[in-house]
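Student: Pasting a structure below so you can have a look.
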Amino acid sequence: MKHLLLAAVFLFETFLHASTRSTAPSSEFRLDGNFLIGGLFDIHFAWGPGRHLRPEALDCSTQCFSISSYRRFQLMRFTVEEINNSTSLLPNVTLGYEMFDHCSDTLSFPGILKLISVNDQIQPWAEPNTKLSKVIAVVGPFTSTQSLTVAPLFMVDLIPMVNYGSSTSIFSKKAKFPSFLRTVHTNSDVIEVIVTILKHFQWRWVAFLYTADDYGSDGLDLFVKRIRDTDICIAYTKDLNADINFSRLFKHIELLRIHVIIVFTAEVAAKVLIKSAIHFNVTDKVWIANDAWSLNKQLPKMEEIRNIGTVLGVAQPIVTVPGFGDFIHSAKGQSECGYAGQQMCGNQVFNCSDWSAQTILEADPSFSFPVYSAVYAIAHALHKTLQFWCMNLVHIPVLAALQKSNFTLLNHTIQFDENGDLKFGLYFLVFWNRTGDAQKFGFYQFYPTANFYINSTEIIWYTNKEVPTSLCTPECPDGYARKQTYIHRCCFTCEICPNETYINVTEDPYNCISCKETEWSDEGSTSCNLRLVEYIQFTDMGAVLIMVGAGTLVGLSGAISVLFAFNYNTPVVRSAGGPMCFLILGCLTLCSISVFFYFDKPTSASCILRYLPFLLFFTVCLACFVVRSFQIVCIFKIAAKFPKLQRWWTKYHGQWLLVTGAFTAQALLLIVSFSYDSPSPYNETSWNHDRIVLFCSLNLEATSFSFVLLGLLSCLCFIFSYMGKDLPKNYNEAKAITFCLLLLILTWILFVTIYMLYHGKFIQSLNALAVLCSLYSFLLWYFLPKCYIIIFQSHKNTPQYFQCLIQNYTKTISK
């Protein structure tokens, strides 16, 4: 088996050597010169998988002919001839070429082997860079798959490949393709232009059709990555191969209600697709063509093409090459179109007699200027290299000069970046008008800065005037958020944003954003409004009246204290509590301090002083009244039944122990609760959504024991005072205390009821008023009656009058 393999290799090399040495008339494929440039053009193309019983090279002349590729082939011939006729570029140097019809990425290798051979022999076991091909650079091949297949063979010896059509992004990786350069923009540039078009017309529900090769797969990958953070969704993808069922493909597109179809394919596949769309009566679609077929000359001329919808395209600029038309007319009269009836090396045979010069010139001009600039880039690199190298050398290394190319060609600057990609250029945006021409409606410029322009009024849509839409779900109304209902984010339901939220479709159309605490919004809002900040100022009329009331209470307390001091030893003052009266009046005065801190903008200190003085000193007041009511009942009802209790109470000053204990307990409870969670300012926003009411927060859980203590003292006070309701009139402080407690309870019940129903700014005034009413209830109904007796009924303020009342009460009880 090994001997058979070696024999086959030997026979193949012998055939290759003999075929290349044969003498033949001049051909379009070959031109002798001092330096040789290789050329690979898919003049014919193999469509569909080929089946072979044994390994064999493909005869390209038996495959489909591509007039646009043949035009590019001729353009390279013209460019070399133009350079050879130049007196400034490569003077006294003749460029030659050897070109091949590279119609298949796997079955067209004889031409490649010819280009990399040394003296018509391939010696892979030879030392690197010792025996190099006479070809200084290669132009082509056209497709990305073809380039991926053959590029490694040229990369081994760093033979420059200046490509005019392979736009797959992998060629930008210099670690894999160190000597690969290209004069065409990468797929990422084309995808960027396509996505920009989709965004401009707000098309979000699209199909992406591509060829199942390196070019199409790279385009799909780039498109998926590019739209990842956009509103665009790929509703359907399909690779276009030779066995595809177009009827099923179009049914899927109709079922998914897709109106925009991106066709990222080579020209051949695009022709088959569009003709199939016409055959299956596909209508009302927008077709977006990549630069491979957007300037096709045959499809727009078809009568039925208008039925399929509107065709938009990303197109390379059409650069008119002066003199090319004359060259084609001259070449058609002289060319033999290959060797007539003779075997040539590789794929250098075809019949061109059926194609007129005018037909060639009217073929798709895409990628023509890239061919033109590729040959010129090699020529400029050779020109620069020959300044430092001897012309007699068989192989001149032009790679370094190529990578540093910087020249102007037909008003276009040719430069390559560090990846070997083009650093200039723009794309035109075209549509196929009703006359069958590609009409420009915009452009996308890449260098020096990205610049995009679209004139939508130029486009003639299949809908006549309105721009077609392509959405899975119609856009939500203002104030509604999208709720995704399917795997695609473009398919959703619409839900209105609730109060205190808004939707910003430019930032996040899927989530309602909460307003800040200082802002508010109605249901279905697209923005928030600033809340109006409210609080009771010192200058408010209600606040002034309440503070005047608090000041009056302080004055009355002082006046009553003075009056009681002058009448300290009288029966009325003694029966009212004696020294304890001054403690009660002092605590009422200290409690009134809280009233002044319910107004103006709350602070941490004002919030504490709003509650602390009242809770602490009102506890002392209640404790004093508990003592007073207990003492009254004890004298008249408990002393006779429990004499020991009265003696103990008198001996150990029980009244002061109770007051001190209540004060100490409340002080400790307030210290603990305020240390855990002290009162602090907070913004009330739940009552009026468009306003912020400045309040002081009071943790009811933390201060619950303080309120329990107040409630316990109030209950004890009420019980004892109620027990003494039938005591003598002048000793009936119990009735006064009971009445004061009833007023106190009614005041706070009324306030709590209002608080549960209303949380506006005036609740603070009501709270201060409730505190003030609590203090006045004791001042007015307990102390003022006694002041009245002291001042206006002094005859009742005598020991004899009090003893008479006690005797009458004793007689009544004995009966």
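Ligands are numbered from 1 in the order shown, residues from 1 within each chain, and chains are lettered A, B, ... in the order they appear in the structure tokens.
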If we count only C-alpha atoms and set the cut-off at 10 Å, which residues sit around Thr149 (chain A), ignoring sequence neighbours fewer than 6 positions away in its own chain? Please answer as a list in words.
Tutor: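 Once the nearby chain positions are removed, what remains is Ser104, Asp105, Thr106, Phe109 and Pro141 of chain A.
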Student: Could you check how far CA of Ala377 (chain A) sits from CA of Asp101 (chain A), in Å to one decimal?
Tutor: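 If I compute the distance from CA of Ala377 (chain A) to CA of Asp101 (chain A), I get 22.1 Å.
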Student: Give me, as a list in words, all polymer residues having an atom no more than 10 Å from Phe599 (chain A), counting only C-alpha atoms and skipping those fewer than 5 positions away in the same chain.
Tutor: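 Listing them by chain and then by number gives Tyr535, Ile536, Gln537, Phe538, Thr539, Asp540, Ala543, Val544, Met547, Ser606, Arg610, Phe695, Gln764, Ser765 and Ala768 of chain A.
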Student: What lies within 10 Å of Gly551 (chain A) using only C-alpha atoms, ignoring chain neighbours under 6 positions off, as a VMD selection string?
Tutor: chain A and resid 545 557 589 592 to 593 595 to 596
Student: Might you pull out every residue within 12 Å of Ser276 (chain A), with only C-alpha atoms counted and same-chain residues fewer than 5 positions away left off, and present them as an MDAnalysis selection string?
Tutor: chainID A and resid 240 244:250 269:271 281:283 299 304:305 308
Student: Now that the selection is made, can you save its residues with all heavy atoms as a CSV table (one decimal), in the first residue's frame?
Tutor:
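Ended up saving to out_19.csv:
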chain,number,residue,atom,x,y,z
A,240,LEU,N,-28.8,28.3,4.1
A,240,LEU,CA,-29.2,28.0,2.7
A,240,LEU,C,-28.2,27.0,2.1
A,240,LEU,O,-27.1,27.4,1.8
A,240,LEU,CB,-29.3,29.3,1.9
A,240,LEU,CG,-30.2,30.4,2.5
A,240,LEU,CD1,-30.2,31.6,1.6
A,240,LEU,CD2,-31.6,29.9,2.7
A,244,ILE,N,-32.1,22.6,0.5
A,244,ILE,CA,-33.1,23.2,1.4
A,244,ILE,C,-34.5,23.2,0.7
A,244,ILE,O,-34.7,23.3,-0.5
A,244,ILE,CB,-32.7,24.7,1.6
A,244,ILE,CG1,-33.6,25.3,2.7
A,244,ILE,CG2,-32.7,25.5,0.3
A,244,ILE,CD1,-33.1,26.7,3.2
A,245,ASN,N,-35.5,23.1,1.6
A,245,ASN,CA,-36.9,23.1,1.2
A,245,ASN,C,-37.4,24.5,1.3
A,245,ASN,O,-37.8,25.0,2.4
A,245,ASN,CB,-37.7,22.1,2.0
A,245,ASN,CG,-39.2,22.0,1.5
A,245,ASN,OD1,-39.7,22.9,1.0
A,245,ASN,ND2,-39.7,20.8,1.7
A,246,PHE,N,-37.4,25.3,0.2
A,246,PHE,CA,-37.8,26.7,0.3
A,246,PHE,C,-39.3,26.9,0.7
A,246,PHE,O,-39.6,27.9,1.3
A,246,PHE,CB,-37.5,27.4,-1.0
A,246,PHE,CG,-36.0,27.7,-1.2
A,246,PHE,CD1,-35.3,26.9,-2.1
A,246,PHE,CD2,-35.5,28.8,-0.5
A,246,PHE,CE1,-33.9,27.2,-2.2
A,246,PHE,CE2,-34.1,29.0,-0.7
A,246,PHE,CZ,-33.3,28.3,-1.6
A,247,SER,N,-40.1,26.0,0.3
A,247,SER,CA,-41.5,26.1,0.6
A,247,SER,C,-41.7,26.1,2.1
A,247,SER,O,-42.5,26.9,2.7
A,247,SER,CB,-42.3,24.9,0.0
A,247,SER,OG,-43.7,25.0,0.4
A,248,ARG,N,-41.0,25.2,2.8
A,248,ARG,CA,-41.1,25.1,4.2
A,248,ARG,C,-40.5,26.3,4.9
A,248,ARG,O,-41.0,26.8,5.9
A,248,ARG,CB,-40.4,23.8,4.7
A,248,ARG,CG,-40.6,23.5,6.2
A,248,ARG,CD,-39.9,22.3,6.6
A,248,ARG,NE,-40.4,21.1,5.9
A,248,ARG,CZ,-39.8,19.9,5.9
A,248,ARG,NH1,-38.7,19.7,6.6
A,248,ARG,NH2,-40.4,18.9,5.2
A,249,LEU,N,-39.4,26.8,4.3
A,249,LEU,CA,-38.7,27.9,4.9
A,249,LEU,C,-39.7,29.1,4.9
A,249,LEU,O,-39.8,29.8,5.9
A,249,LEU,CB,-37.5,28.2,4.1
A,249,LEU,CG,-36.6,29.4,4.5
A,249,LEU,CD1,-35.2,29.2,4.2
A,249,LEU,CD2,-37.0,30.7,3.8
A,250,PHE,N,-40.3,29.4,3.8
A,250,PHE,CA,-41.2,30.6,3.7
A,250,PHE,C,-42.5,30.4,4.5
A,250,PHE,O,-43.0,31.4,5.0
A,250,PHE,CB,-41.6,30.8,2.2
A,250,PHE,CG,-40.4,31.3,1.4
A,250,PHE,CD1,-40.1,30.6,0.2
A,250,PHE,CD2,-39.6,32.3,1.8
A,250,PHE,CE1,-39.0,31.0,-0.6
A,250,PHE,CE2,-38.5,32.7,1.0
A,250,PHE,CZ,-38.2,32.1,-0.2
A,269,ALA,N,-26.2,31.9,-3.8
A,269,ALA,CA,-27.3,31.4,-2.9
A,269,ALA,C,-28.4,32.5,-2.9
A,269,ALA,O,-29.6,32.1,-2.8
A,269,ALA,CB,-26.8,31.2,-1.5
A,270,ALA,N,-28.0,33.8,-2.9
A,270,ALA,CA,-29.1,34.8,-2.9
A,270,ALA,C,-29.9,34.7,-4.1
A,270,ALA,O,-31.2,34.9,-4.1
A,270,ALA,CB,-28.4,36.2,-2.8
A,271,LYS,N,-29.3,34.4,-5.3
A,271,LYS,CA,-30.1,34.3,-6.5
A,271,LYS,C,-31.2,33.2,-6.4
A,271,LYS,O,-32.3,33.4,-6.7
A,271,LYS,CB,-29.2,34.0,-7.7
A,271,LYS,CG,-28.4,35.2,-8.2
A,271,LYS,CD,-27.6,34.8,-9.4
A,271,LYS,CE,-26.8,36.0,-9.9
A,271,LYS,NZ,-25.9,35.6,-11.1
A,281,ASN,N,-44.5,32.9,-4.4
A,281,ASN,CA,-45.4,34.0,-4.2
A,281,ASN,C,-45.2,34.6,-2.8
A,281,ASN,O,-46.2,34.9,-2.1
A,281,ASN,CB,-46.8,33.6,-4.5
A,281,ASN,CG,-47.7,34.8,-4.7
A,281,ASN,OD1,-47.3,35.9,-5.1
A,281,ASN,ND2,-49.0,34.7,-4.3
A,282,VAL,N,-44.0,34.8,-2.4
A,282,VAL,CA,-43.8,35.5,-1.1
A,282,VAL,C,-43.9,37.0,-1.3
A,282,VAL,O,-43.4,37.6,-2.2
A,282,VAL,CB,-42.4,35.2,-0.6
A,282,VAL,CG1,-42.1,36.0,0.7
A,282,VAL,CG2,-42.2,33.7,-0.4
A,283,THR,N,-44.7,37.6,-0.5
A,283,THR,CA,-45.0,39.1,-0.7
A,283,THR,C,-44.8,39.8,0.7
A,283,THR,O,-44.7,39.2,1.7
A,283,THR,CB,-46.5,39.3,-1.1
A,283,THR,OG1,-47.4,38.7,-0.2
A,283,THR,CG2,-46.7,38.6,-2.5
A,299,LEU,N,-31.2,40.2,-10.9
A,299,LEU,CA,-32.4,40.1,-10.1
A,299,LEU,C,-33.3,41.3,-10.2
A,299,LEU,O,-34.5,41.2,-10.3
A,299,LEU,CB,-32.0,39.7,-8.7
A,299,LEU,CG,-31.4,38.3,-8.5
A,299,LEU,CD1,-31.0,38.1,-7.0
A,299,LEU,CD2,-32.4,37.2,-8.8
A,304,GLU,N,-41.1,40.1,-11.8
A,304,GLU,CA,-41.8,39.7,-10.6
A,304,GLU,C,-41.1,40.1,-9.3
A,304,GLU,O,-41.6,39.9,-8.2
A,304,GLU,CB,-41.9,38.1,-10.6
A,304,GLU,CG,-42.6,37.6,-11.8
A,304,GLU,CD,-41.6,37.3,-13.0
A,304,GLU,OE1,-40.5,37.8,-12.9
A,304,GLU,OE2,-42.0,36.6,-13.9
A,305,ILE,N,-39.9,40.8,-9.4
A,305,ILE,CA,-39.2,41.1,-8.2
A,305,ILE,C,-40.0,42.1,-7.4
A,305,ILE,O,-39.8,42.2,-6.1
A,305,ILE,CB,-37.8,41.7,-8.6
A,305,ILE,CG1,-36.9,41.7,-7.4
A,305,ILE,CG2,-37.9,43.1,-9.2
A,305,ILE,CD1,-36.4,40.4,-7.0
A,308,ILE,N,-42.2,40.7,-4.3
A,308,ILE,CA,-41.7,40.1,-3.0
A,308,ILE,C,-41.6,41.2,-1.9
A,308,ILE,O,-41.4,40.8,-0.8
A,308,ILE,CB,-40.4,39.4,-3.2
A,308,ILE,CG1,-39.3,40.4,-3.6
A,308,ILE,CG2,-40.5,38.3,-4.3
A,308,ILE,CD1,-37.9,39.8,-3.6
Student: At a cut-off of 12 Å, using only C-alpha atoms, what residues contact Asp284 (chain A)? Leave out same-chain residues fewer than 3 positions from it and give the result as number ranges by chain.
Tutor: A: 253-254, 257-261, 277-278, 281, 287, 305-311, 461-464, 467-470
Student: Limited to N, CA, C and O atoms, could you put the picked residues into a file as an mmCIF file, in the first residue's frame?
Tutor:
data_model
loop_
_atom_site.group_PDB
_atom_site.id
_atom_site.type_symbol
_atom_site.label_atom_id
_atom_site.label_comp_id
_atom_site.auth_asym_id
_atom_site.auth_seq_id
_atom_site.Cartn_x
_atom_site.Cartn_y
_atom_site.Cartn_z
ATOM 1 N N ILE A 253 -41.548 31.469 8.001
ATOM 2 C CA ILE A 253 -41.447 32.928 8.102
ATOM 3 C C ILE A 253 -42.834 33.559 8.174
ATOM 4 O O ILE A 253 -43.063 34.486 8.968
ATOM 5 N N GLU A 254 -43.771 33.054 7.380
ATOM 6 C CA GLU A 254 -45.138 33.586 7.417
ATOM 7 C C GLU A 254 -45.803 33.268 8.742
ATOM 8 O O GLU A 254 -46.514 34.094 9.324
ATOM 9 N N ARG A 257 -44.868 35.628 11.425
ATOM 10 C CA ARG A 257 -45.209 37.012 11.110
ATOM 11 C C ARG A 257 -43.955 37.894 11.028
ATOM 12 O O ARG A 257 -43.872 38.967 11.597
ATOM 13 N N ILE A 258 -42.960 37.392 10.303
ATOM 14 C CA ILE A 258 -41.705 38.124 10.107
ATOM 15 C C ILE A 258 -41.814 38.930 8.814
ATOM 16 O O ILE A 258 -42.180 38.389 7.769
ATOM 17 N N HIS A 259 -41.479 40.192 8.879
ATOM 18 C CA HIS A 259 -41.577 41.062 7.710
ATOM 19 C C HIS A 259 -40.220 41.574 7.226
ATOM 20 O O HIS A 259 -40.158 42.240 6.196
ATOM 21 N N VAL A 260 -39.154 41.290 7.975
ATOM 22 C CA VAL A 260 -37.816 41.718 7.578
ATOM 23 C C VAL A 260 -36.910 40.495 7.541
ATOM 24 O O VAL A 260 -36.807 39.761 8.530
ATOM 25 N N ILE A 261 -36.262 40.269 6.397
ATOM 26 C CA ILE A 261 -35.415 39.096 6.205
ATOM 27 C C ILE A 261 -34.020 39.564 5.828
ATOM 28 O O ILE A 261 -33.828 40.246 4.811
ATOM 29 N N ALA A 277 -38.424 32.775 -3.774
ATOM 30 C CA ALA A 277 -39.447 33.633 -3.168
ATOM 31 C C ALA A 277 -40.460 34.073 -4.208
ATOM 32 O O ALA A 277 -41.670 34.129 -3.943
ATOM 33 N N ILE A 278 -39.978 34.387 -5.408
ATOM 34 C CA ILE A 278 -40.891 34.754 -6.494
ATOM 35 C C ILE A 278 -41.755 33.557 -6.875
ATOM 36 O O ILE A 278 -42.979 33.695 -7.083
ATOM 37 N N ASN A 281 -44.487 32.871 -4.390
ATOM 38 C CA ASN A 281 -45.376 34.017 -4.212
ATOM 39 C C ASN A 281 -45.250 34.635 -2.812
ATOM 40 O O ASN A 281 -46.240 34.922 -2.147
ATOM 41 N N TRP A 287 -36.288 42.820 2.344
ATOM 42 C CA TRP A 287 -35.107 41.972 2.214
ATOM 43 C C TRP A 287 -33.880 42.850 2.378
ATOM 44 O O TRP A 287 -33.726 43.856 1.682
ATOM 45 N N ILE A 305 -39.933 40.780 -9.438
ATOM 46 C CA ILE A 305 -39.192 41.136 -8.233
ATOM 47 C C ILE A 305 -39.960 42.121 -7.370
ATOM 48 O O ILE A 305 -39.791 42.163 -6.141
ATOM 49 N N ARG A 306 -40.854 42.909 -7.971
ATOM 50 C CA ARG A 306 -41.604 43.901 -7.190
ATOM 51 C C ARG A 306 -42.612 43.242 -6.251
ATOM 52 O O ARG A 306 -43.030 43.851 -5.265
ATOM 53 N N ASN A 307 -43.004 42.013 -6.554
ATOM 54 C CA ASN A 307 -44.035 41.356 -5.749
ATOM 55 C C ASN A 307 -43.519 40.902 -4.384
ATOM 56 O O ASN A 307 -44.295 40.732 -3.447
ATOM 57 N N ILE A 308 -42.226 40.671 -4.277
ATOM 58 C CA ILE A 308 -41.709 40.110 -3.026
ATOM 59 C C ILE A 308 -41.563 41.171 -1.940
ATOM 60 O O ILE A 308 -41.368 40.842 -0.776
ATOM 61 N N GLY A 309 -41.617 42.454 -2.299
ATOM 62 C CA GLY A 309 -41.506 43.514 -1.299
ATOM 63 C C GLY A 309 -40.444 44.519 -1.673
ATOM 64 O O GLY A 309 -40.272 44.867 -2.841
ATOM 65 N N THR A 310 -39.698 44.978 -0.670
ATOM 66 C CA THR A 310 -38.659 45.984 -0.862
ATOM 67 C C THR A 310 -37.305 45.370 -0.554
ATOM 68 O O THR A 310 -37.144 44.710 0.477
ATOM 69 N N VAL A 311 -36.344 45.580 -1.435
ATOM 70 C CA VAL A 311 -34.988 45.056 -1.242
ATOM 71 C C VAL A 311 -34.062 46.208 -0.904
ATOM 72 O O VAL A 311 -33.883 47.132 -1.701
ATOM 73 N N TRP A 461 -41.318 52.081 -0.699
ATOM 74 C CA TRP A 461 -41.690 50.866 0.031
ATOM 75 C C TRP A 461 -42.811 50.127 -0.702
ATOM 76 O O TRP A 461 -43.562 50.718 -1.480
ATOM 77 N N TYR A 462 -42.924 48.861 -0.386
ATOM 78 C CA TYR A 462 -44.039 48.093 -0.957
ATOM 79 C C TYR A 462 -45.365 48.540 -0.352
ATOM 80 O O TYR A 462 -46.436 48.238 -0.881
ATOM 81 N N THR A 463 -45.277 49.261 0.766
ATOM 82 C CA THR A 463 -46.487 49.815 1.390
ATOM 83 C C THR A 463 -46.795 51.211 0.848
ATOM 84 O O THR A 463 -47.605 51.931 1.434
ATOM 85 N N ASN A 464 -46.121 51.594 -0.225
ATOM 86 C CA ASN A 464 -46.225 52.903 -0.855
ATOM 87 C C ASN A 464 -45.490 53.969 -0.061
ATOM 88 O O ASN A 464 -44.387 54.340 -0.406
ATOM 89 N N VAL A 467 -43.425 53.296 6.352
ATOM 90 C CA VAL A 467 -42.329 52.361 6.601
ATOM 91 C C VAL A 467 -42.912 51.067 7.157
ATOM 92 O O VAL A 467 -43.673 51.098 8.128
ATOM 93 N N PRO A 468 -42.585 49.915 6.590
ATOM 94 C CA PRO A 468 -43.114 48.646 7.123
ATOM 95 C C PRO A 468 -42.650 48.417 8.549
ATOM 96 O O PRO A 468 -41.621 48.937 8.986
ATOM 97 N N THR A 469 -43.408 47.649 9.274
ATOM 98 C CA THR A 469 -43.053 47.294 10.644
ATOM 99 C C THR A 469 -42.767 45.804 10.717
ATOM 100 O O THR A 469 -43.275 45.015 9.926
ATOM 101 N N SER A 470 -41.945 45.439 11.680
ATOM 102 C CA SER A 470 -41.655 44.022 11.923
ATOM 103 C C SER A 470 -41.450 43.840 13.413
ATOM 104 O O SER A 470 -40.354 44.029 13.937
#
Student: Would you work out the distance separating CA of Trp432 (chain A) from CA of Gln358 (chain A), expressed in Å to one decimal?
Tutor: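 Here the two named atoms are 21.6 Å from each other.
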Student: In Å to one decimal, how far is CA of Leu148 (chain A) from CA of Ile112 (chain A)?
Tutor: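 Computed distance, CA of Ile112 (chain A) to CA of Leu148 (chain A), equals 12.8 Å.
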Student: Can you pull out the residues contacting region 52-67 of chain A? Cut-off 6 Å, using only C-alpha atoms, and skip same-chain residues under 4 positions away; I want them as a CSV table (one decimal) with N, CA and C atoms, in the first residue's frame.
Tutor:
chain,number,residue,atom,x,y,z
A,43,ILE,N,-14.2,32.0,-11.2
A,43,ILE,CA,-14.9,32.3,-12.5
A,43,ILE,C,-16.1,31.3,-12.7
A,44,HIS,N,-15.9,30.1,-12.3
A,44,HIS,CA,-17.0,29.1,-12.2
A,44,HIS,C,-17.2,28.8,-10.7
A,45,PHE,N,-18.3,28.3,-10.4
A,45,PHE,CA,-18.6,28.0,-9.0
A,45,PHE,C,-19.3,26.6,-8.9
A,46,ALA,N,-18.9,25.8,-8.0
A,46,ALA,CA,-19.6,24.5,-7.8
A,46,ALA,C,-20.7,24.7,-6.7
A,103,CYS,N,-12.8,27.3,-8.4
A,103,CYS,CA,-14.2,27.2,-8.3
A,103,CYS,C,-14.7,26.4,-7.1
A,107,LEU,N,-11.8,21.1,-4.1
A,107,LEU,CA,-11.5,20.3,-5.3
A,107,LEU,C,-10.8,21.1,-6.4
A,108,SER,N,-10.2,22.3,-6.0
A,108,SER,CA,-9.5,23.1,-6.9
A,108,SER,C,-8.0,23.3,-6.5
A,350,PHE,N,-11.9,27.9,-20.2
A,350,PHE,CA,-13.3,28.1,-20.2
A,350,PHE,C,-13.7,28.8,-21.5
Student: Which of region 302-338 of chain A counts as strand (DSSP E or B) under DSSP, as a ChimeraX atom specification please?
Tutor: /A:309-315
Student: As an NGL selection string, please: every residue in region 433-678 of chain A that a backbone DSSP assignment puts in alpha helix (DSSP H).
Tutor: :A and (541-566 or 571-576 or 579-591 or 604-633 or 643-651 or 654-676)
Student: With only C-alpha atoms as the basis for distance, which of A:Ser179, A:Thr145, A:Thr485, A:Gln631 is at the shortest distance from Met161 (chain A)?
Tutor: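 Residue with the minimum atom-to-atom distance to Met161 (chain A): A:Ser179.
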Student: Measuring between only C-alpha atoms, which one of A:Gly549, A:Gly577, A:Gly711, A:Gly661 shows the shortest distance to Cys773 (chain A)?
Tutor: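 Checking each of A:Gly549, A:Gly577, A:Gly711, A:Gly661 against Cys773 (chain A), counting only C-alpha atoms, the winner is A:Gly549.
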